[in-house]
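A.B. asks: Would you mind keeping the following structure in view while I ask a few things?
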Amino acid sequence: MIELSNREDLCVARVGVTRLDASRTPELRNTLVPVAEQKSRMILDVSAVDFMDSTGLGALISVLKALGKDGEMAIAGARPAVRRLLELTRLDQVMRLYPTVPDAEAAMRA
Amino acid sequence: VTSSRSFAARLDDIASVVEWIRSDAGEELTSHERWDDFELAIVEAVTNTIVHALRDLPDETIGVELLRHGNDLVVTLTDRGRAMPASLLDDPVLPDPLATSGRGLWLIKHGADEVRYTSAANRNELRLTFKPAS
């Protein structure tokens with residue numbers, strides 16, 4: 001469900017499911033929170049995700065918090081429905097959105 | 001025209017509810033954004049029922065009914081689990097962006113044009129009305 005790649009201090013996590021609802025978010029949280037506790041920056045590639053609900057948002061926030069006080073998380077490749085949900089719920093105020101993983105990585109390393 | 005079906009109260013079955021509704025009523029929700037709001041409201045409502053009303057009641061089912069009322073599409077979810085205070089749906093507030101939960105009822109109210117919740121005789125009913133996209 002999740003592919004991880006570490007790039008120095010940055011972790012890129014690619015979500016490999018099309019729906020991120022309550023049947024999937026425990027696995028997302030359980031996989032990424034321990035990783036985030038060891039990192040300070042993470043890019044979450046959600047380009048495969050067509051649908052996300054509030055439990056998915058909760059999992060993203062858990063990961064962001066696990067990155068620590070100065071942690072930084074970026075969302076890459078959000079499709080329209082996911083982007084709209086992030087904006088609607090104001091999560092775009094606490095994690096930045098980028099079109100692609102390279103865009104997010106370039107911005108985080110700038 | 002009315003369609004109805006029961007679904008197992010399992011998180012793995014949430015997508016099945018959406019697919020069933022899409023196959024029956026998808027053409028009426030032709031606006032893409034409208035479908036996104038609709039799908040989100042339905043998923044949040046079903047998840048809420050499974051996680052809260054039917055927690056520890058895995059053998060229970062969720063009834064889903066589709067009703068065309070004029071140009072409106074009405075989706076009614078029923079269960080025989082724990083009732084929630086109807087007042088929770090009066091004016092749900094979007095929580096702080098860093099909250100890990102508490103957005104479900106707000107998203108239901110955002111996605112549906114009308115929301116009505118009643119509970120009586122061990123039967124909870126959540127009725128969501130969706131009006132045509134303007």
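Quick note on naming: the chains in the structure tokens go A, B, ... in the order shown, residues restart at 1 in each chain, and ligands are numbered from 1 in order of appearance.
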When you look at Ala66 of chain A with a cut-off of 9 Å (counting only C-alpha atoms), what residues show up, excluding the ones that are within fewer than 5 positions of it in the same chain? I need them as a list in words.
C.D. replies: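 Once the adjacent positions are removed, what remains is Leu32, Val33, Pro34, Val35, Ala36, Glu37, Gln38, Lys39, Ser40, Ile61 and Gly71 of chain A.
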A.B. asks: Kindly export the residues of the current selection with N, CA and C atoms, as a PDB file, in the first residue's frame.
C.D. replies:
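Printed below is result.pdb as written:
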```pdb
ATOM      1  N   LEU A  32       3.394   4.966   8.545  1.00  0.00           N
ATOM      2  CA  LEU A  32       4.121   6.222   8.377  1.00  0.00           C
ATOM      3  C   LEU A  32       4.496   6.930   9.678  1.00  0.00           C
ATOM      4  N   VAL A  33       3.717   6.749  10.731  1.00  0.00           N
ATOM      5  CA  VAL A  33       4.045   7.460  11.975  1.00  0.00           C
ATOM      6  C   VAL A  33       5.424   7.042  12.514  1.00  0.00           C
ATOM      7  N   PRO A  34       5.733   5.732  12.571  1.00  0.00           N
ATOM      8  CA  PRO A  34       7.074   5.369  13.056  1.00  0.00           C
ATOM      9  C   PRO A  34       8.190   5.919  12.158  1.00  0.00           C
ATOM     10  N   VAL A  35       7.936   5.980  10.862  1.00  0.00           N
ATOM     11  CA  VAL A  35       8.934   6.550   9.943  1.00  0.00           C
ATOM     12  C   VAL A  35       9.092   8.039  10.222  1.00  0.00           C
ATOM     13  N   ALA A  36       7.966   8.717  10.386  1.00  0.00           N
ATOM     14  CA  ALA A  36       8.006  10.163  10.612  1.00  0.00           C
ATOM     15  C   ALA A  36       8.715  10.512  11.919  1.00  0.00           C
ATOM     16  N   GLU A  37       8.627   9.620  12.890  1.00  0.00           N
ATOM     17  CA  GLU A  37       9.291   9.888  14.174  1.00  0.00           C
ATOM     18  C   GLU A  37      10.813   9.899  14.030  1.00  0.00           C
ATOM     19  N   GLN A  38      11.300   9.314  12.937  1.00  0.00           N
ATOM     20  CA  GLN A  38      12.752   9.279  12.699  1.00  0.00           C
ATOM     21  C   GLN A  38      13.194  10.349  11.707  1.00  0.00           C
ATOM     22  N   LYS A  39      12.243  11.080  11.143  1.00  0.00           N
ATOM     23  CA  LYS A  39      12.552  12.073  10.114  1.00  0.00           C
ATOM     24  C   LYS A  39      11.994  13.425  10.526  1.00  0.00           C
ATOM     25  N   SER A  40      12.383  14.452   9.778  1.00  0.00           N
ATOM     26  CA  SER A  40      11.773  15.761  10.023  1.00  0.00           C
ATOM     27  C   SER A  40      11.035  16.273   8.794  1.00  0.00           C
ATOM     28  N   ILE A  61      -2.567  14.161   9.501  1.00  0.00           N
ATOM     29  CA  ILE A  61      -2.215  15.010  10.642  1.00  0.00           C
ATOM     30  C   ILE A  61      -1.374  14.233  11.648  1.00  0.00           C
ATOM     31  N   GLY A  71       8.887  19.817  12.115  1.00  0.00           N
ATOM     32  CA  GLY A  71       8.708  18.935  10.968  1.00  0.00           C
ATOM     33  C   GLY A  71       7.955  19.602   9.834  1.00  0.00           C
TER      34      GLY A  71
END
```
A.B. asks: DSSP on the backbone: which residues in segment 11-109 of chain A end up as strand (DSSP E)? Give the answer as a PyMOL selection string.
C.D. replies: chain A and resi 11-15+19-20+41-45+51-52+72-76+96-98
A.B. asks: Between atom CA of Ala110 of chain A and atom CA of Leu60 of chain A, what is the distance, to one decimal in Å?
C.D. replies: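 Distance between the two atoms: 23.4 Å.
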A.B. asks: Write out as an NGL selection string each polymer residue whose atoms come within 10 Å of segment 40-53 of chain B, counting only C-alpha atoms; drop sequence neighbours fewer than 3 positions from it.
C.D. replies: (:A and (21-23 or 51-55 or 81 or 85)) or (:B and (7-11 or 13-15 or 17-18 or 21 or 34-37 or 56-58 or 60-64 or 75-84 or 103-112 or 124 or 126-128))
A.B. asks: Keeping C-alpha atoms, export the residues of the selection given above as a PDB file, in the first residue's frame.
C.D. replies:
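Below you can see out_37.pdb, which holds the result:
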```pdb
ATOM      1  CA  ASP A  21     -11.004   5.714   3.669  1.00  0.00           C
ATOM      2  CA  ALA A  22     -11.409   4.209   7.133  1.00  0.00           C
ATOM      3  CA  SER A  23     -10.619   0.724   5.832  1.00  0.00           C
ATOM      4  CA  PHE A  51     -10.827   9.619  -2.932  1.00  0.00           C
ATOM      5  CA  MET A  52      -9.934  10.558   0.625  1.00  0.00           C
ATOM      6  CA  ASP A  53     -12.230  10.990   3.627  1.00  0.00           C
ATOM      7  CA  SER A  54     -11.845  12.566   7.056  1.00  0.00           C
ATOM      8  CA  THR A  55     -10.074   9.506   8.456  1.00  0.00           C
ATOM      9  CA  ALA A  81     -11.165  15.709  -5.156  1.00  0.00           C
ATOM     10  CA  LEU A  85     -10.889  18.292   0.524  1.00  0.00           C
TER      11      LEU A  85
ATOM     12  CA  PHE B   7     -24.807  -3.656   3.759  1.00  0.00           C
ATOM     13  CA  ALA B   8     -22.619  -5.338   6.336  1.00  0.00           C
ATOM     14  CA  ALA B   9     -21.365  -2.891   8.937  1.00  0.00           C
ATOM     15  CA  ARG B  10     -17.754  -3.325   7.900  1.00  0.00           C
ATOM     16  CA  LEU B  11     -15.271  -0.645   6.956  1.00  0.00           C
ATOM     17  CA  ASP B  13     -17.720  -2.481   2.598  1.00  0.00           C
ATOM     18  CA  ILE B  14     -17.871   1.322   2.514  1.00  0.00           C
ATOM     19  CA  ALA B  15     -16.747   1.438  -1.104  1.00  0.00           C
ATOM     20  CA  VAL B  17     -22.134   1.361  -0.715  1.00  0.00           C
ATOM     21  CA  VAL B  18     -20.716   4.105  -2.905  1.00  0.00           C
ATOM     22  CA  ILE B  21     -25.339   4.304  -5.285  1.00  0.00           C
ATOM     23  CA  ARG B  34     -21.271  17.540  -7.000  1.00  0.00           C
ATOM     24  CA  TRP B  35     -20.352  13.851  -7.086  1.00  0.00           C
ATOM     25  CA  ASP B  36     -17.284  14.519  -4.911  1.00  0.00           C
ATOM     26  CA  ASP B  37     -19.418  16.251  -2.268  1.00  0.00           C
ATOM     27  CA  ASP B  56     -19.113  -3.791  19.019  1.00  0.00           C
ATOM     28  CA  LEU B  57     -22.138  -4.854  16.957  1.00  0.00           C
ATOM     29  CA  PRO B  58     -20.400  -6.483  13.971  1.00  0.00           C
ATOM     30  CA  GLU B  60     -25.629  -5.599  12.438  1.00  0.00           C
ATOM     31  CA  THR B  61     -26.290  -4.158   9.006  1.00  0.00           C
ATOM     32  CA  ILE B  62     -26.811  -0.699   7.577  1.00  0.00           C
ATOM     33  CA  GLY B  63     -29.879  -0.084   5.481  1.00  0.00           C
ATOM     34  CA  VAL B  64     -29.435   2.240   2.516  1.00  0.00           C
ATOM     35  CA  VAL B  75     -30.385   8.871   0.702  1.00  0.00           C
ATOM     36  CA  THR B  76     -31.530   7.350   3.983  1.00  0.00           C
ATOM     37  CA  LEU B  77     -29.238   5.284   6.184  1.00  0.00           C
ATOM     38  CA  THR B  78     -30.753   3.202   8.958  1.00  0.00           C
ATOM     39  CA  ASP B  79     -29.234   1.148  11.735  1.00  0.00           C
ATOM     40  CA  ARG B  80     -30.162  -0.432  15.042  1.00  0.00           C
ATOM     41  CA  GLY B  81     -27.146   0.667  17.005  1.00  0.00           C
ATOM     42  CA  ARG B  82     -26.404   3.342  19.543  1.00  0.00           C
ATOM     43  CA  ALA B  83     -28.134   6.634  18.845  1.00  0.00           C
ATOM     44  CA  MET B  84     -26.249   9.886  18.750  1.00  0.00           C
ATOM     45  CA  ARG B 103     -14.573  16.502  10.679  1.00  0.00           C
ATOM     46  CA  GLY B 104     -17.107  13.859   9.704  1.00  0.00           C
ATOM     47  CA  LEU B 105     -20.353  15.564  10.694  1.00  0.00           C
ATOM     48  CA  TRP B 106     -19.158  18.846   9.241  1.00  0.00           C
ATOM     49  CA  LEU B 107     -18.430  17.169   5.908  1.00  0.00           C
ATOM     50  CA  ILE B 108     -21.838  15.495   5.925  1.00  0.00           C
ATOM     51  CA  LYS B 109     -23.519  18.853   6.458  1.00  0.00           C
ATOM     52  CA  HIS B 110     -21.319  20.459   3.827  1.00  0.00           C
ATOM     53  CA  GLY B 111     -22.051  17.823   1.194  1.00  0.00           C
ATOM     54  CA  ALA B 112     -25.782  17.380   1.668  1.00  0.00           C
ATOM     55  CA  ASN B 124     -31.667   5.358  13.899  1.00  0.00           C
ATOM     56  CA  LEU B 126     -30.067   9.619   8.861  1.00  0.00           C
ATOM     57  CA  ARG B 127     -31.696  11.239   5.870  1.00  0.00           C
ATOM     58  CA  LEU B 128     -29.535  13.177   3.435  1.00  0.00           C
TER      59      LEU B 128
END
```
A.B. asks: Hey, which of A:Glu8, A:Asp45, A:Asp50, A:Glu105 ends up closest to chain B? Count only C-alpha atoms.
C.D. replies: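 Using only C-alpha atoms, the shortest distance to chain B belongs to A:Asp50.
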A.B. asks: Would you give me, as a ChimeraX atom specification, the residues in segment 8-119 of chain B that DSSP reads as helix (DSSP H, G or I)?
C.D. replies: /B:11-28,32-53,86-89,104-111
A.B. asks: How about saving the chosen residues, C-alpha atoms kept, as a PDB file, in the first residue's frame?
C.D. replies:
```pdb
ATOM      1  CA  LEU B  11     -15.271  -0.645   6.956  1.00  0.00           C
ATOM      2  CA  ASP B  12     -14.201  -2.813   4.012  1.00  0.00           C
ATOM      3  CA  ASP B  13     -17.720  -2.481   2.598  1.00  0.00           C
ATOM      4  CA  ILE B  14     -17.871   1.322   2.514  1.00  0.00           C
ATOM      5  CA  ALA B  15     -16.747   1.438  -1.104  1.00  0.00           C
ATOM      6  CA  SER B  16     -19.497  -1.061  -1.984  1.00  0.00           C
ATOM      7  CA  VAL B  17     -22.134   1.361  -0.715  1.00  0.00           C
ATOM      8  CA  VAL B  18     -20.716   4.105  -2.905  1.00  0.00           C
ATOM      9  CA  GLU B  19     -20.521   1.851  -5.953  1.00  0.00           C
ATOM     10  CA  TRP B  20     -24.108   0.712  -5.512  1.00  0.00           C
ATOM     11  CA  ILE B  21     -25.339   4.304  -5.285  1.00  0.00           C
ATOM     12  CA  ARG B  22     -23.186   5.339  -8.234  1.00  0.00           C
ATOM     13  CA  SER B  23     -24.626   2.591 -10.387  1.00  0.00           C
ATOM     14  CA  ASP B  24     -28.157   3.646  -9.492  1.00  0.00           C
ATOM     15  CA  ALA B  25     -27.964   7.408  -9.259  1.00  0.00           C
ATOM     16  CA  GLY B  26     -24.642   8.447 -10.750  1.00  0.00           C
ATOM     17  CA  GLU B  27     -26.177  10.042 -13.835  1.00  0.00           C
ATOM     18  CA  GLU B  28     -28.186  12.421 -11.678  1.00  0.00           C
ATOM     19  CA  HIS B  32     -17.996  16.246 -10.990  1.00  0.00           C
ATOM     20  CA  GLU B  33     -17.740  18.474  -7.970  1.00  0.00           C
ATOM     21  CA  ARG B  34     -21.271  17.540  -7.000  1.00  0.00           C
ATOM     22  CA  TRP B  35     -20.352  13.851  -7.086  1.00  0.00           C
ATOM     23  CA  ASP B  36     -17.284  14.519  -4.911  1.00  0.00           C
ATOM     24  CA  ASP B  37     -19.418  16.251  -2.268  1.00  0.00           C
ATOM     25  CA  PHE B  38     -22.028  13.514  -2.485  1.00  0.00           C
ATOM     26  CA  GLU B  39     -19.527  10.668  -2.196  1.00  0.00           C
ATOM     27  CA  LEU B  40     -17.789  12.310   0.741  1.00  0.00           C
ATOM     28  CA  ALA B  41     -21.049  12.890   2.626  1.00  0.00           C
ATOM     29  CA  ILE B  42     -22.147   9.296   2.092  1.00  0.00           C
ATOM     30  CA  VAL B  43     -18.795   7.820   3.108  1.00  0.00           C
ATOM     31  CA  GLU B  44     -18.640   9.982   6.233  1.00  0.00           C
ATOM     32  CA  ALA B  45     -22.173   8.984   7.183  1.00  0.00           C
ATOM     33  CA  VAL B  46     -21.560   5.265   6.678  1.00  0.00           C
ATOM     34  CA  THR B  47     -18.237   5.429   8.520  1.00  0.00           C
ATOM     35  CA  ASN B  48     -19.878   7.263  11.407  1.00  0.00           C
ATOM     36  CA  THR B  49     -22.550   4.579  11.622  1.00  0.00           C
ATOM     37  CA  ILE B  50     -20.006   1.750  11.651  1.00  0.00           C
ATOM     38  CA  VAL B  51     -17.539   3.365  14.035  1.00  0.00           C
ATOM     39  CA  HIS B  52     -19.976   4.915  16.499  1.00  0.00           C
ATOM     40  CA  ALA B  53     -23.500   3.492  16.257  1.00  0.00           C
ATOM     41  CA  ALA B  86     -29.408  14.751  17.069  1.00  0.00           C
ATOM     42  CA  SER B  87     -28.151  18.133  18.251  1.00  0.00           C
ATOM     43  CA  LEU B  88     -24.641  17.170  17.105  1.00  0.00           C
ATOM     44  CA  LEU B  89     -25.849  17.809  13.570  1.00  0.00           C
ATOM     45  CA  GLY B 104     -17.107  13.859   9.704  1.00  0.00           C
ATOM     46  CA  LEU B 105     -20.353  15.564  10.694  1.00  0.00           C
ATOM     47  CA  TRP B 106     -19.158  18.846   9.241  1.00  0.00           C
ATOM     48  CA  LEU B 107     -18.430  17.169   5.908  1.00  0.00           C
ATOM     49  CA  ILE B 108     -21.838  15.495   5.925  1.00  0.00           C
ATOM     50  CA  LYS B 109     -23.519  18.853   6.458  1.00  0.00           C
ATOM     51  CA  HIS B 110     -21.319  20.459   3.827  1.00  0.00           C
ATOM     52  CA  GLY B 111     -22.051  17.823   1.194  1.00  0.00           C
TER      53      GLY B 111
END
```
A.B. asks: Env of Leu57 of chain A: 12 Å cut, atoms = only C-alpha atoms, seq-sep filter 4 positions within chain, self excluded. Answer as number ranges by chain.
C.D. replies: A: 20-22, 24-26, 28-29, 51-53, 61-64, 75, 82-83, 85-92, 94-95; B: 95, 97-104, 107
A.B. asks: Just the number, please: distance in Å from atom CA of Met1 of chain A to atom CA of Met108 of chain A, one decimal.
C.D. replies: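 Here the two named atoms are 24.6 Å from each other.
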A.B. asks: Taking only C-alpha atoms into account, which of A:Ala104, A:Leu4, A:Met42, A:Ala48 comes nearest Gly16 of chain A?
C.D. replies: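 Selected residue with least distance to Gly16 of chain A: A:Ala48.
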A.B. asks: So, counting only C-alpha atoms, which residue among B:Leu66, B:Ala120, B:Ser3, B:Asp113 is closest to Ser134 of chain B?
C.D. replies: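 Of B:Leu66, B:Ala120, B:Ser3, B:Asp113, the one nearest Ser134 of chain B is B:Asp113, counting only C-alpha atoms.
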